[in-house]
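Notes for the one structure printed next.
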Amino acid sequence: MVPSSQVPCKDCPFQHLIELLKDSTGKKFYNVAKLGGSKYDSLPYSIRVLLEASVRNWDGFLVKEEDVMNILDWKAKQNNVEVPFCPARVLLQDFTGIPAMVDFAAMREAVKNLGGDPSRVHPACPTDLTVDHSLQIDFSKCAIQNTPNPGGGDLQRPPAKLSPLKAPRKLPCRSQASCRGPCDGESSRNSLSVQIENTPLLCPFHLQPVPEPETVLKNQEVEFGRNKERLQFFKWGSKMIENVSVIPPGTGMAHQVNLEYLSRVVFDVKDFLYPDSVVGTDSHTTMVNGLGILGWGVGGIETEAVMLGMPVTLALPEVVGCELTGTASPLATSIDIVLSITKQLRQAGVSGKFVEFFGSGVSQLSVVDRTTIANMCPEYGAILSFFPIDNVTLKHLKHRGFDEVKLKSIEAYLKTVKLFRNDQLSTGEPEYSQTVHINLGSIMPCVSGPKRAQDRVAVTEMKSDFQACLNEKVGFKGFQIPPEKQHDVVPVEFEGNEYQLAHGSVVIAAVISCTNNCNPSVMLGAGLLAKKAVEAGLTVKPYIRTSLSPGSGMVTHYLSSSGVLPYLKKLGFDVIGYGCSTCVGNTTPLPEAIQNAIMQGDLVACGVLSGNKNFEGRLCSCIRANYLASPPLVVAYAVAGTVNIDFQTEPLGVDPAGKSIFLHDIWPSREELHQAEEELVISSMFKELKEKMEKGNKRWDSLEVPESVLFTWDWKSTYIRCPSFFDKLAKEPLPVQSIENAHVLLHLGDSVTTDHISPAGSIARGSAAARYLSSKGLTPREFNSYGARRGNDAIMTRGTFANIKLLNKFIGKPAPKTIHFPTGKTMDVFDAAEAYQKANIPLIILAGAKYGQGNSRDWAAKGPFLLGVKAVIAESYEKIHKGHLIGIGIAPLRFLEGENASSLGLTGKEQFSVSFPQKLSPGMSLDVKTNTGKLFRVIAAFDNDVEVTLYRHGGILNYTVRRLL
């Protein structure tokens with residue numbers, strides 16, 4: 001199959017738009033900017049990408065000239081027409097990817113059986129599959145069990161069993177004065193539970209390299225053992241199927257790998273340029289829009305359709321322009337900005353729409369900020385949030401390692417077709433369906449507390465809010481301290497020096513990079529702030545329990561590579577381990593003198609941490625006020641020694657010369673953060689991922705797979721099985737067949753979701769799937785999950801409609817059961833369907849409104865098809881699922897307006913016959929007759945000729961096989 005998105009069609013009516021790039025490369029492209037003049041200039045950038053894809057993929061059938069002109073006329077046609085979109089590539093993760101790959105292997109069998117060339121069966125566009133959903137946590141160890149013993153003395157633990165793959169080696173200790181534990185391989189290995197393969201581990205106490213942790217090795221060994229058949233199948237696909245690339249286990253999550261390694265930004269195929277775009281099998285595929293790459297998540301069958309050369313069909317969307325203006329507060333972190341924009345977009349009502357960012361404030365957002373905002377699309381319901389490519393993007397690509405010549409070519413192309421956003425110009429912005437204005441200057445940094453995470457307090461109001469809490473009655477925001485005692489000071493001697501504690505004194509300060517604080521900029525911000533504080537001569541009082549708990553070795557890696565770790569250590573923020581620590585109460589007890597002083601003065605002492613839990617008494621029983629803050633603010637409050645401070649008017653301290661040092665004097669600017677983030681962190685991460693990809697994975701490399709065009713099916717396998725979609729496939733499609741005397745498999749009500757239909761989660765021991773696996777000699781502990789077994793149609797068919805919450809009107813209560821009417825017996829849905837198929841009795845499903853809503857799942861259509869379902873008659877459908885039914889060969893029929901099974905007096909116990917004409921057309925009405933003599937009409941819910949064609953062929957898989965022949 002020739003990738004449709006890579007070679008211009010010779011008969012294309014838009015051939016006159018092809019130009020040569022005005023540089024020395026001689027590359028060609030469609031200059032779509034010439035197509036509509038001022039009309040094109042007013043289009044949102046995201047719509048321009050849709051337009052270019054439709055021009056390049058015109059074929060007169062799937063993509064018509066009318067589609068191109070509808071997109072060009074977006075302002076008038078939005079929400080009124082459907083348009084095709086042919087993305088440049090596909091992204092799969094292994095759970096959703098394996099059914100598609102199995103189908104391609106099965107199609108090769110079908111093409112060969114019909115006399116064709118099976119090697120021609122491959123995706124029509126580049127397809128990347130990331131194996132990132134196989135890992136299960138079979139072994140884990142909490143890092144905190146290896147932190148300094150709160151009770152003092154040596155920790156007594158039995159020695160850990162060593163991995164046979166790698167023995168520990170003794171490492172030299174730096175003999176620091178603050179040494180808290182040995183730096184041998186065993187103790188270090190126990191203190192780390194998660195680590196990226198091929199990344200040097202650092203001892204949390206000494207920052208010396210240590211061996212790979214035993215838990216990681218064990219989990220990876222089990223992962224490869226448990227999923228060996230699936231992994232061998234994936235590897236065969238990557239070697240033998242053109243246009244398929246598999247990212248092996250242990251490399252990284254699909255979205256991050258997509259962003260850091262797979263993204264092209266601009267494709268260059270046979271010296272022809274076009275924009276990168278993608279659809280993936282996960283809602284968070286939207287992350288790449290932060291890099292100027294149009295993409296979003298779709299269901300398994302839509303993704304498979306794209307792989308087969310079909311477009312994704314969508315209603316021409318509204319585009320909400322989000323204008324960012326103003327300058328963010330110097331104290332506002334990336335997290336503050338991202339969460340504020342997310343909240344305001346949620347309130348603006350952008351569900352089901354494109355969001356596109358413009359305005360002078362966009363340039364203040366780093367690519368990390370942009371991808372985080374785009375990644376949170378499911379939080380505010382938008383299809384995608386698009387950031388057009390600009391100078392910030394190009395700078396990021398340079399640090400990512402893009403070749404200079406390639407970068408210049410990308411820039412020249414994007415500017416020629418007007419897909420490059422000039423951040424220096426405030427005029428000439430596109431027109432939008434509506435505009436949301438967000439002033440970055442209004443985003444104020446906040447902390448949360450003193451007792452609940454939802455009680456947010458602006459940093460500028462922290463002092464007044466804390467003082468109000470002292471006055472309030474005891475409650476979520478009150479401590480009820482008498483006015484005459486609110487200024488009490490308690491002297492305390494600690495390590496030979498005298499200090500004074502008061503209400504608001506900070507006694508615990510913990511920088512934790514779990515939850516949303518793993519954004520590199522906020523952790524770097526804490527490090528840069530520490531650096532400036534130390535250089536200004538500021539210190540942290542020694543009685544304050546300070547700690548640094550990075551969320552992973554990667555965080556420690558970039559803090560170390562950026563040179564800020566020694567400064568954090570100087571202020572007492574030593575790396576104490578990797579795992580849940582301060583926010584779950586795993587804190588070394590406060591010094592006895594400090595505890596006594598707090599109790600003596602009945603003081604409201606404070607803890608400040610960058611975690612996510614701050615309930616009263618959680619950190620320490622004697623600490624009543626706990627505030628959640630960003631990592632740099634944790635360091636700032638530690639230096640100040642109190643939360644009872646106004647950072648705008650009061651200094652953090654004084655330097656050796658007696659000069660007052662304010663927070664604004666040492667707070668790192670966004671420019672400093674972005675520079676450190678891009679030049680030190682981003683470049684290091686990309687370099688590391690590239691090295692990991694090039695180095696490979698030993699376990700993956702050692703997997704043996706057959707080097708044959710056809711996959712060698714193992715009929716004993718319970719993971720991979722050749723599906724029966726093509727068992728009776730003929731070279732030419734038969735005329736559309738009427739459905740005669742069909743029984744109703746299920747009689748369902750309204751809002752049946754794909755969760756009710758499609759198998760998911762664990763395999764119940766008493767289910768049809770469990771009985772099948774038991775018959776193959778497997779024990780329940782070996783069943784694994786439906787997700788892991790999506791490549792076996794026998795398992796997935798048995799799991800279809802096996803949800804315990806399924807409400808079948810034949811049964812009258814939630815259960816995965818139905819009635820087999822010829823015998824009158826109540827059975828599992830699969831068993832009843834199997835009995836009907838043995839008797840050659842066709843099946844239909846009766847349903848109410850909104851059939852098939854929820855997450856898009858391919859087996860919600862494939863499963864019913866393999867159960868023998870020929871049609872669904874419902875009041876209405878969720879659009880995506882209706883497309884899935886057509887794509888697999890099931891007819892979606894709709895009751896006439898105002899009618900349903902109840903109003904027609906249907907019990908579902910009847911037998912139904914549906915008459916299909918030889919010339920089926922979209923939206924036509926069909927006659928349905930029951931064996932009781934009732935006659936009614938339904939609508940054939942096909943939206944266009946393409947859907948009719950697919951149904952006539954028996955689905956997209958059959959259509960593709962015949963097209964190849």
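Within each chain, counting starts at residue 1; across the structure tokens, chains are named A, B, ... in the order shown, with ligands numbered 1 upward in that order.
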Helix (DSSP H, G or I) residues, from DSSP on the backbone, in range 763-908 of chain A, as a PyMOL selection string: chain A and resi 768-775+780-782+793-799+829-838+859-867+879-888
If you take only C-alpha atoms and a cut-off of 10 Å, which residues of range 342-436 of chain A touch range 265-275 of chain A, and what are their nearest atom pairs and distances in Å to one decimal, in chain and number order, as CSV?
residue,atom,partner,partner_atom,distance
A:Ile389,CA,A:Val265,CA,8.9
A:Thr393,CA,A:Val265,CA,9.8
A:Leu397,CA,A:Val265,CA,9.2
A:Lys406,CA,A:Val266,CA,9.4
A:Leu407,CA,A:Val266,CA,9.6
A:Ser409,CA,A:Val266,CA,9.2
A:Ile410,CA,A:Val266,CA,6.3
A:Glu411,CA,A:Val266,CA,9.5
A:Tyr413,CA,A:Leu273,CA,7.7
A:Leu414,CA,A:Pro275,CA,8.4
A:Val417,CA,A:Tyr274,CA,9.9
A:Leu419,CA,A:Pro275,CA,9.0
Export, as an mmCIF file, in the first residue's frame, the selected residues with C-alpha atoms.
data_model
loop_
_atom_site.group_PDB
_atom_site.id
_atom_site.type_symbol
_atom_site.label_atom_id
_atom_site.label_comp_id
_atom_site.auth_asym_id
_atom_site.auth_seq_id
_atom_site.Cartn_x
_atom_site.Cartn_y
_atom_site.Cartn_z
ATOM 1 C CA ILE A 389 5.069 26.882 15.967
ATOM 2 C CA THR A 393 9.420 26.040 19.438
ATOM 3 C CA LEU A 397 13.940 21.815 18.671
ATOM 4 C CA LYS A 406 16.727 20.741 8.860
ATOM 5 C CA LEU A 407 15.660 23.528 11.219
ATOM 6 C CA SER A 409 14.211 24.118 6.055
ATOM 7 C CA ILE A 410 11.379 23.699 8.593
ATOM 8 C CA GLU A 411 11.317 27.416 9.337
ATOM 9 C CA TYR A 413 8.526 25.976 4.819
ATOM 10 C CA LEU A 414 6.309 26.978 7.750
ATOM 11 C CA VAL A 417 2.640 28.348 4.052
ATOM 12 C CA LEU A 419 1.968 28.076 9.666
#
Near-Glu782 in chain A list (10 Å; only C-alpha atoms; drop same-chain fewer than 4 positions) as a PyMOL selection string: chain A and resi 226+773-774+777-778
So, counting only C-alpha atoms, which residue among A:Glu679, A:Asp665, A:Ile873, A:Ser775 is closest to Lys716 in chain A?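 Closest to Lys716 in chain A, using only C-alpha atoms: A:Ser775.
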From the list A:His284, A:Arg370, A:Lys408, A:Lys395, which residue is nearest Asp23 in chain A when using only C-alpha atoms? A:Lys408
Kindly give the distance, in Å, that separates CA of Ser762 in chain A and CA of Ala815 in chain A, rounded to a single decimal.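 These two atoms are separated by 16.4 Å.
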Who sits within 7 Å of Asn931 in chain A, only C-alpha atoms, same chain under 6 positions skipped, as a ChimeraX atom specification: /A:910-912
Just-selected residues, N, CA and C atoms written as a PDB file, in the first residue's frame:
ATOM      1  N   GLU A 910     -39.560 -11.560  20.040  1.00  0.00           N
ATOM      2  CA  GLU A 910     -39.936 -11.839  18.656  1.00  0.00           C
ATOM      3  C   GLU A 910     -38.705 -12.180  17.810  1.00  0.00           C
ATOM      4  N   GLN A 911     -38.961 -12.656  16.609  1.00  0.00           N
ATOM      5  CA  GLN A 911     -37.910 -12.778  15.602  1.00  0.00           C
ATOM      6  C   GLN A 911     -38.116 -11.670  14.585  1.00  0.00           C
ATOM      7  N   PHE A 912     -36.995 -11.063  14.135  1.00  0.00           N
ATOM      8  CA  PHE A 912     -37.051  -9.867  13.306  1.00  0.00           C
ATOM      9  C   PHE A 912     -36.434 -10.134  11.933  1.00  0.00           C
TER      10      PHE A 912
END
Which distance in Å separates CA of Lys239 in chain A and CA of Leu308 in chain A, to one decimal?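 Between these atoms lies a distance of 18.6 Å.
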Looking at only C-alpha atoms, which of A:Ser448, A:Ser385, A:Asn792, A:Gln347 is the one that sits closest to Trp296 in chain A?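 Closest to Trp296 in chain A, using only C-alpha atoms: A:Ser385.
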With distances taken over only C-alpha atoms, which residue among A:Asp465, A:Glu493, A:Asp750, A:Glu878 lies nearest Ala941 in chain A? A:Glu878
Hey, what's within 12 Å of Lys77 in chain A if we count only C-alpha atoms and toss same-chain stuff fewer than 2 positions away? As a list in words, please?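 Answer for this query is Glu66, Asp67, Val68, Met69, Asn70, Ile71, Leu72, Asp73, Trp74, Lys75, Asn79, Asn80, Val81, Glu82, Val83, Ala315, Leu316, Pro317, Glu318 and Ser433 of chain A.
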Quick one: write out the picked residues with N, CA, C and O atoms as a CSV table (one decimal), in the first residue's frame?
chain,number,residue,atom,x,y,z
A,66,GLU,N,-15.0,19.2,-2.6
A,66,GLU,CA,-15.9,19.8,-1.7
A,66,GLU,C,-15.5,19.9,-0.3
A,66,GLU,O,-15.7,20.9,0.4
A,67,ASP,N,-14.8,18.9,0.2
A,67,ASP,CA,-14.2,18.9,1.5
A,67,ASP,C,-13.2,20.0,1.7
A,67,ASP,O,-13.2,20.7,2.7
A,68,VAL,N,-12.3,20.1,0.7
A,68,VAL,CA,-11.3,21.1,0.8
A,68,VAL,C,-11.9,22.5,0.9
A,68,VAL,O,-11.5,23.3,1.7
A,69,MET,N,-12.9,22.7,0.0
A,69,MET,CA,-13.5,24.1,0.0
A,69,MET,C,-14.4,24.3,1.3
A,69,MET,O,-14.4,25.5,1.7
A,70,ASN,N,-14.9,23.3,1.9
A,70,ASN,CA,-15.6,23.5,3.2
A,70,ASN,C,-14.7,23.9,4.3
A,70,ASN,O,-15.0,24.8,5.1
A,71,ILE,N,-13.5,23.3,4.3
A,71,ILE,CA,-12.5,23.7,5.3
A,71,ILE,C,-12.0,25.1,5.0
A,71,ILE,O,-11.9,25.9,6.0
A,72,LEU,N,-11.8,25.4,3.8
A,72,LEU,CA,-11.4,26.8,3.5
A,72,LEU,C,-12.4,27.8,3.9
A,72,LEU,O,-12.1,28.9,4.3
A,73,ASP,N,-13.7,27.4,3.8
A,73,ASP,CA,-14.8,28.3,4.2
A,73,ASP,C,-15.2,28.0,5.6
A,73,ASP,O,-16.4,28.1,6.0
A,74,TRP,N,-14.2,27.8,6.5
A,74,TRP,CA,-14.4,27.3,7.9
A,74,TRP,C,-15.3,28.3,8.6
A,74,TRP,O,-16.2,27.8,9.4
A,75,LYS,N,-15.2,29.6,8.5
A,75,LYS,CA,-15.9,30.5,9.3
A,75,LYS,C,-17.4,30.3,9.1
A,75,LYS,O,-18.2,30.4,10.1
A,79,ASN,N,-19.2,23.6,12.4
A,79,ASN,CA,-20.3,22.8,13.1
A,79,ASN,C,-21.4,22.4,12.1
A,79,ASN,O,-22.4,21.7,12.5
A,80,ASN,N,-21.3,22.8,10.8
A,80,ASN,CA,-22.4,22.5,9.9
A,80,ASN,C,-22.1,21.3,8.9
A,80,ASN,O,-23.0,20.8,8.3
A,81,VAL,N,-20.8,21.0,8.8
A,81,VAL,CA,-20.4,20.0,7.8
A,81,VAL,C,-19.4,19.1,8.5
A,81,VAL,O,-18.7,19.4,9.5
A,82,GLU,N,-19.3,17.9,8.0
A,82,GLU,CA,-18.2,16.9,8.4
A,82,GLU,C,-17.1,16.9,7.3
A,82,GLU,O,-17.4,17.0,6.1
A,83,VAL,N,-15.9,16.9,7.8
A,83,VAL,CA,-14.7,16.9,6.9
A,83,VAL,C,-13.8,15.8,7.3
A,83,VAL,O,-13.8,15.3,8.4
A,315,ALA,N,-16.8,16.7,12.7
A,315,ALA,CA,-17.5,17.9,12.4
A,315,ALA,C,-16.5,19.0,12.4
A,315,ALA,O,-15.7,19.2,13.3
A,316,LEU,N,-16.6,19.9,11.3
A,316,LEU,CA,-15.7,21.0,11.2
A,316,LEU,C,-15.8,21.8,12.5
A,316,LEU,O,-16.9,22.4,12.8
A,317,PRO,N,-14.8,21.8,13.4
A,317,PRO,CA,-15.0,22.3,14.7
A,317,PRO,C,-14.9,23.8,14.9
A,317,PRO,O,-14.4,24.5,14.1
A,318,GLU,N,-15.6,24.3,16.0
A,318,GLU,CA,-15.4,25.6,16.4
A,318,GLU,C,-13.9,25.7,16.9
A,318,GLU,O,-13.4,24.8,17.5
A,433,SER,N,-13.9,31.4,16.6
A,433,SER,CA,-15.4,31.3,16.9
A,433,SER,C,-15.7,32.1,18.1
A,433,SER,O,-16.8,32.7,18.2
May I ask for the distance between CA of Ile763 in chain A and CA of Phe783 in chain A, given in Å to one decimal place?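 Atom-to-atom, CA of Ile763 in chain A to CA of Phe783 in chain A, that is 6.7 Å.
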Could you list, as a list in words, every residue within 9 Å of Ile720 in chain A, counting only C-alpha atoms and ignoring same-chain residues fewer than 6 positions away? Ile98, Val102, Glu229, Arg230, Phe233, Trp713, Asp714, Arg789, Arg790, Gly791, Asn792 and Asp793 of chain A
Please give the complete set of residues from range 215-344 of chain A that DSSP, run on the backbone, assigns to strand (DSSP E), formatted as a ChimeraX atom specification. /A:244-247,266-269,272-275,277-280,294-297,312-315,319-325
Can you pull out the residues contacting Phe387 in chain A? Cut-off 6 Å, using only C-alpha atoms, and skip same-chain residues under 2 positions away; I want them as an MDAnalysis selection string. chainID A and resid 290 292 357
Would you please work out which residue, of A:Leu21, A:Leu746, A:Glu323, A:Thr949, is nearest to Lys415 in chain A when using only C-alpha atoms?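 Closest residue, counting only C-alpha atoms: A:Leu21.
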Return the single residue from A:Ser660, A:Thr960, A:Ser758, A:Thr930 that is closest to Ala742 in chain A, with distances computed using only C-alpha atoms. A:Thr930
